[in-house]
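Asks: Right, I'll just put the structure down here and ask away after.
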Amino acid sequence: MSRYLKTADSDWYKQRIIGIILLVLICFAALFMRLFFLQVIKGEEFRGLSDNNSIRLQRIEPFRGMIFDRNKLMLVDNRPSFDVSITVKDAQPVAQTLAKLSTYLRVTDEELLEKTAGQKGIKAYKPVLLRQDIGRDSVAAIEVHKYDLPGIDVNVKSLRNYLFGRSAAHILGYLGEISANEIDSGIYPGVRSGDLVGKSGIEKSYDDHLRGQGGGRQVEVNATGQIMRVLKTVPSRPGRNVVLTIDQAVQRKAEELLEGVIGAAVAIDPNTGQVLAMASNPSFDQNRIVSGMTHEQWQVFISDPLKPLTNRAVQGEYPPASTYKILTAVAGLDEGLIDENTEFCCPGQYRFKGRDYRCWKKGGHGCVSLLQAIAQSCDVYFYQVGRAVGVDRLAWYAKAFGLGTPSGVQLANESSGLIPTADWKLKRTGEPWQEGETLSLAIGQGFNLVTPLQMAGMVAAVATGGVRYKPQLLKRIETAQGETTFVSEPVISGKVPISPRTLELIRQGLWEVVHSDKGTAKGARFFDLQISGKTGTAQVISRKDDEEETEDESEIADHLKAHAWFVAYAPSEAPRIAAAVVVENGEHGSSAATPIAREIIKSYLLKEQLLPLIVANSKPQNP
Amino acid sequence: MFDRHFVQYFDWGLFTVAVLLGCFGLITLYSVVTADAAAAQKTLVIKQLIWFSVGLGCMIISILFNYKQLDRYANSFYVLCIVMLIAVLFFGKYVSGSKRWLMFGPISVQPSEIVKIAVIIALASYYSKNAYTRGFTLRQLLIPVALVTLPFALIVAQPDLGTALLVVLIAGSMTVFVKIEKRSFRYLLLSGMVTVPLVWFFLKDYQKRRILTFLSPEGDPLGAGYHIIQSKIAIGSGVLTGKGYLKGTQNALNFLPEQHTDFIFSVFAEEWGFVGSAVLILLFLLLVIWGLNVAYSSRDPFGTILAVGISSMIFWQVFVNIGMVMGLMPVVGIPLPFVSYGGSSIATTMIAVGLLINVSMRRFTLE
């Protein structure tokens, strides 16, 4: 076929190149004409626009969404901050303008002059911030005398206002300037360098809902920098409001109770997984972060050995101690290794492979049945149950109860805790599992670590008969106009395979912890309020069994004292609240943690009776 | 290899124009960074100078061998570039929403720049062997379409709409140059009319907005619309002779977006006025015409088509970029050759000019 076709030769190409050159000339002619039009014909007009620099773009910041508790009590809103700035070029004569301004601001004019010192030449066009967050009186005075104050601008900026000071600080979180990494991550569309985004807590988890969308406007300003005409406006869209599951009354109560100690308290609704309160002490004041800390202040703050920024309720990992016996008992019963009649005798220690494993009670509990063992928290009894169950089955039950993995609550950096298995130890240390370690494990004293939230989830699962709900902090999201856009539903995160008979026994045992004569948590009783729970005393240093306990307990240094635990639910028959409390170095769970849990439960269940008292206590600090 | 002829036949004109344009770029870039208070910007001029020197080295290398050898390596070079484009999607550095750069230690390379050269060489190689005065039929165009679609899709995926579009413009120009058979041309036109709405469907929101902004800049008063207005004010306020070097207020006050890359012409025009801008555009015109003249005088089809491809690359970048900042074209991110900041862009353009010189000087050594 190609025989009939004429091959493209040099002349043919040359012809086509000439065509192309013509096209190129036409296109460039268009560029020249446009250039001529812009610079020569319209040039003076554009020069005028650029001299006055008169078309400016102003951002309209979106109003960040507010945060409420479950009863629609406002926890976080915004307050205006009025900032004064000067554009030196527009403010001539500068000295005179500043002198006037200084009287309205009640500062010396030297102070203001200092800030404008370097603003010469091209920099004179750029506004300089003079003072932030000036009072309303000063704003009024400046606005009234606007015409005497050329080049002076008052800008309103929105500042985050945490109504209850340091209350719920760990849940709510705080804002900070967006980091370079966060900008590059691409998950903050429309956010520019210098903008504030949530850095922790709900402020971070729901930043995309709370933030809203910024708008802006093109304005034409006159020679003194005043707006003559708004050319175009794109309105901003306010952020959504977030309603939490937290009950602020219960939250405040929990925080009050933790005052003066280090620890955490969590209360959840076992039937939905909604978190009612989550307190961690020491806490921090978000308003201090809002109003700006110097680098030094921030360094001191984050290097505080008590770690006030840590949310101990989800980030604190503690040995579960005797609260773990709930799990050991469930495992023993469901595996058919024990029943309600199984008795073990406790002489105060248990001898295994040549070592004595002691019971916390020196004289021993005598011969006890399961219910007595739970109520009195007999270590010897559970050594033997745990030994029978074995490390890996214990771990299986622990996982079923949601231990060893983050609960999935809507907070960043949640700890997973640790549930050891024989394999885990071999991989981690290279040494095989020792059966003796299972004994410690059975009473919650081995490698195992849990967070208070996980323990609240575990006791909640007992309360519901084995259904585990994912703990949630978010109740719903609303638009600024109050329209609901999202409602969170309870999410079942697992079911504990627990037989009805086992459940009945465990619940009976937990009830007896509080209500039997020898129970370890008699302090949790309150009139006819039916609380079920389990105490725990977590050793910080391992009890050396061959070593005589010579020192009096009061002589032990504070940081070596045991952590106190109490996990509970109430009312025993139809539970509506489950709680976990840990007090670091608080010694026995019965004395340090139990009353706290009791008071938290009271504040929720007996709210109607106690309401007048609670309201009186929870007035906002700095409205 | 290095003999008397090398100096004798060397195309000093092309070389001089390229170096002049590069100097214009450095001077303007210096003005941009002087106006900007951010300290991180200060190193840009040095970096650009280093890249410019690297570019000169690349240029020399692309002159040393006979360009006809490129014909043989066209495919391997093309494959190498495609591999780099795929690598970008996986290992690329994520900067403000797109992945365009490959990191080699402290050096970041933009493979979508060099891929333009690869496409030009590959197309020149194919077209030079199959060209007839009747033009190319649809069936003959299958291979070129595949050669272009692959990098196009990979660049769109980054996403970098501007460069992707540029690849199509270059390939389109080369194809029109070697002629499309009449009936095939009609089919292509028809299918184009079908594809455009489809492409629209797959564009990202911000890309759709940009095209809509081009059609009516009022639609985005806070973004592109505002940028174009400020760019026009900057250019227009230069008037006949400009505000003077380092005295551009639009530049200094950060009214211009991407002052050191896409909008660098506005900075130049503000400071040098109509006279300076006209000289700059004339230099570009000179470069393009010179390139086409190289194509005209080359005595083999491969050299001719190669030179046309390179000339079209420079032409489109200049036309789209300057057209954009003057409000004649949509707001697409295409750098101005030689002038915009960007190592890969400079190096690629220098290689392109090197190849032009290569074709230019070897017309004499033909038997």
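Starting from 1 in every chain, residues are counted up; chains themselves are A, B, ... following the order of the structure tokens, and ligands are numbered from 1 as listed.
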For chain A against chain B, which residues fall within 6 Å using only C-alpha atoms, given as a list in words?
Replies: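 So the residues of chain A near chain B are Lys6, Thr7, Ala8, Lys14, Leu38, Gln39, Val40, Gly43, Phe46, Arg47, Asp184 and Gly186 of chain A.
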Asks: Keeping only C-alpha atoms, write the selected residues to a file as a compact mmCIF listing (two decimals), in the first residue's frame.
Replies:
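Generated file (result.txt):
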```txt
# COMPACT_ATOMS: atom_id res chain seq x y z
CA LYS A 6 4.26 9.73 -1.08
CA THR A 7 6.96 9.54 1.60
CA ALA A 8 7.34 12.72 3.61
CA LYS A 14 9.80 22.67 5.42
CA LEU A 38 -2.43 45.83 30.55
CA GLN A 39 0.67 47.95 30.85
CA VAL A 40 0.22 50.79 28.43
CA GLY A 43 -1.36 50.83 33.00
CA PHE A 46 -3.48 49.52 37.57
CA ARG A 47 -0.68 51.70 38.88
CA ASP A 184 1.47 18.34 54.74
CA GLY A 186 -3.51 16.77 53.80
```
Asks: Within 6 Å of Gly176 of chain A, counting only C-alpha atoms, which residues show up once you throw out same-chain ones fewer than 4 positions away? Write them as a PDB file with C-alpha atoms, in the first residue's frame, please.
Replies:
```
ATOM      1  CA  LEU A 196      -5.330  26.866  65.258  1.00  0.00           C
ATOM      2  CA  VAL A 197      -6.359  23.224  65.209  1.00  0.00           C
ATOM      3  CA  LYS A 199      -4.101  19.224  69.437  1.00  0.00           C
TER       4      LYS A 199
END
```
Asks: Any idea what's packed within 12 Å of Ile338 of chain A, counting only C-alpha atoms, ignoring anything in its chain fewer than 2 positions away? Could you give it as a list in words?
Replies: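 Result of the neighbour search: Thr328, Ala329, Val330, Ala331, Gly332, Leu333, Asp334, Glu335, Gly336, Glu340, Asn341, Thr342, Glu343, Phe344, Ser369, Leu370, Leu371, Tyr381, Phe382, Gln384, Val385, Gly386, Arg387, Ala388, Val389, Thr502 and Leu505 of chain A.
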Asks: Out of B:Ile46, B:Leu188, B:Ala157, B:Val331, which residue has the shortest atom-to-atom distance to Thr137 of chain B when counting only C-alpha atoms?
Replies: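 Closest candidate: B:Leu188.
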Asks: Run DSSP on the backbone of this structure and report the residues of segment 348-391 of chain A it assigns to strand (DSSP E), as a list in words.
Replies: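 Result set for segment 348-391 of chain A (strand (DSSP E)): Gln349, Tyr350, Arg351, Phe352, Arg355, Asp356, Tyr357, Arg358, Gly366, Cys367 and Val368 of chain A.
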Asks: Only C-alpha atoms, please: the residues just picked out, written as a PDB file, in the first residue's frame.
Replies:
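Result saved to result_1.pdb:
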```pdb
ATOM      1  CA  GLN A 349       0.498 -18.425 102.015  1.00  0.00           C
ATOM      2  CA  TYR A 350       0.551 -20.969  99.234  1.00  0.00           C
ATOM      3  CA  ARG A 351       3.617 -23.113  98.675  1.00  0.00           C
ATOM      4  CA  PHE A 352       4.391 -23.827  95.044  1.00  0.00           C
ATOM      5  CA  ARG A 355       8.369 -20.872  96.999  1.00  0.00           C
ATOM      6  CA  ASP A 356       5.825 -19.292  99.279  1.00  0.00           C
ATOM      7  CA  TYR A 357       3.183 -17.153  97.572  1.00  0.00           C
ATOM      8  CA  ARG A 358       1.615 -15.082 100.274  1.00  0.00           C
ATOM      9  CA  GLY A 366      -9.086 -20.249 106.658  1.00  0.00           C
ATOM     10  CA  CYS A 367     -11.090 -22.506 104.370  1.00  0.00           C
ATOM     11  CA  VAL A 368     -13.170 -20.370 101.969  1.00  0.00           C
TER      12      VAL A 368
END
```
Asks: Report, in Å to a single decimal, how far apart atom CA of Gln140 of chain B and atom CA of Tyr126 of chain B are.
Replies: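 Calculated distance between atom CA of Tyr126 of chain B and atom CA of Gln140 of chain B is 9.9 Å.
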Asks: Which polymer residues have any atom within 10 Å of an atom of Ile114 of chain B, counting only C-alpha atoms, with same-chain residues fewer than 5 positions away left out, as a ChimeraX atom specification?
Replies: /B:78,81,84,109,119,344-345,347-349,351-352
Asks: Which of these, B:Ile346, B:Cys58, B:Phe90, B:Gly354, has the shortest distance to Cys23 of chain B once you count only C-alpha atoms?
Replies: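 Of the candidates, the smallest distance to Cys23 of chain B is held by B:Ile346.
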Asks: Pick out the residues sitting within 12 Å of Ile264 of chain B, and hand them over as a PyMOL selection string; count only C-alpha atoms, and ignore anything fewer than 4 positions along from it in its own chain.
Replies: chain B and resi 24-33+231+234-235+248+250-251+256-260+268-271+277+318+321-322+324-326+333-342
Asks: Quick one: residues within 10 Å of Ile155 of chain B, only C-alpha atoms, excluding same-chain residues fewer than 2 positions away - as a count of residues only?
Replies: 24
Asks: Go through B:Arg362, B:Lys116, B:Phe104, B:Gly343 and flag the residue nearest Val54 of chain B, using only C-alpha atoms for the distances.
Replies: B:Gly343
Asks: Given only C-alpha atoms as the basis, pick out the residue of A:Ser416, A:Arg240, A:Val513, A:Leu113 nearest to Glu483 of chain A.
Replies: A:Arg240
Asks: Taking only segment 196-351 of chain B into account, list the residues labelled helix (DSSP H, G or I) by DSSP (computed from the backbone), as a PyMOL selection string.
Replies: chain B and resi 196-202+205-215+217-219+224-236+249-252+264-297+301-325+343-351
Asks: Mind pulling up the distance from atom CA of Val290 of chain A to atom CA of Arg79 of chain A?
Replies: 11.2 Å
Asks: Mind checking which residues fall within 10 Å of Ser184 of chain B, counting only C-alpha atoms, ignoring those fewer than 6 positions away in the same chain, and posting them as JSON, numbers by chain?
Replies: {"B": [135, 136, 137, 138, 139, 141, 190]}
Asks: Only C-alpha atoms, please: the residues just picked out, written as a JSON list (two decimals), in the first residue's frame.
Replies:
```
[["chain", "number", "residue", "atom", "x", "y", "z"],
["B", 135, "GLY", "CA", -0.79, 11.86, 7.13],
["B", 136, "PHE", "CA", -1.31, 9.34, 9.92],
["B", 137, "THR", "CA", -4.40, 7.19, 10.11],
["B", 138, "LEU", "CA", -6.17, 6.34, 13.35],
["B", 139, "ARG", "CA", -4.65, 2.86, 13.37],
["B", 141, "LEU", "CA", -1.86, 6.71, 15.78],
["B", 190, "LEU", "CA", -15.72, 13.81, 17.29]]
```
Asks: Considering only C-alpha atoms, can you say which of B:Thr175, B:Leu166, B:Leu283, B:Val359 comes closest to Val145 of chain B?
Replies: B:Thr175
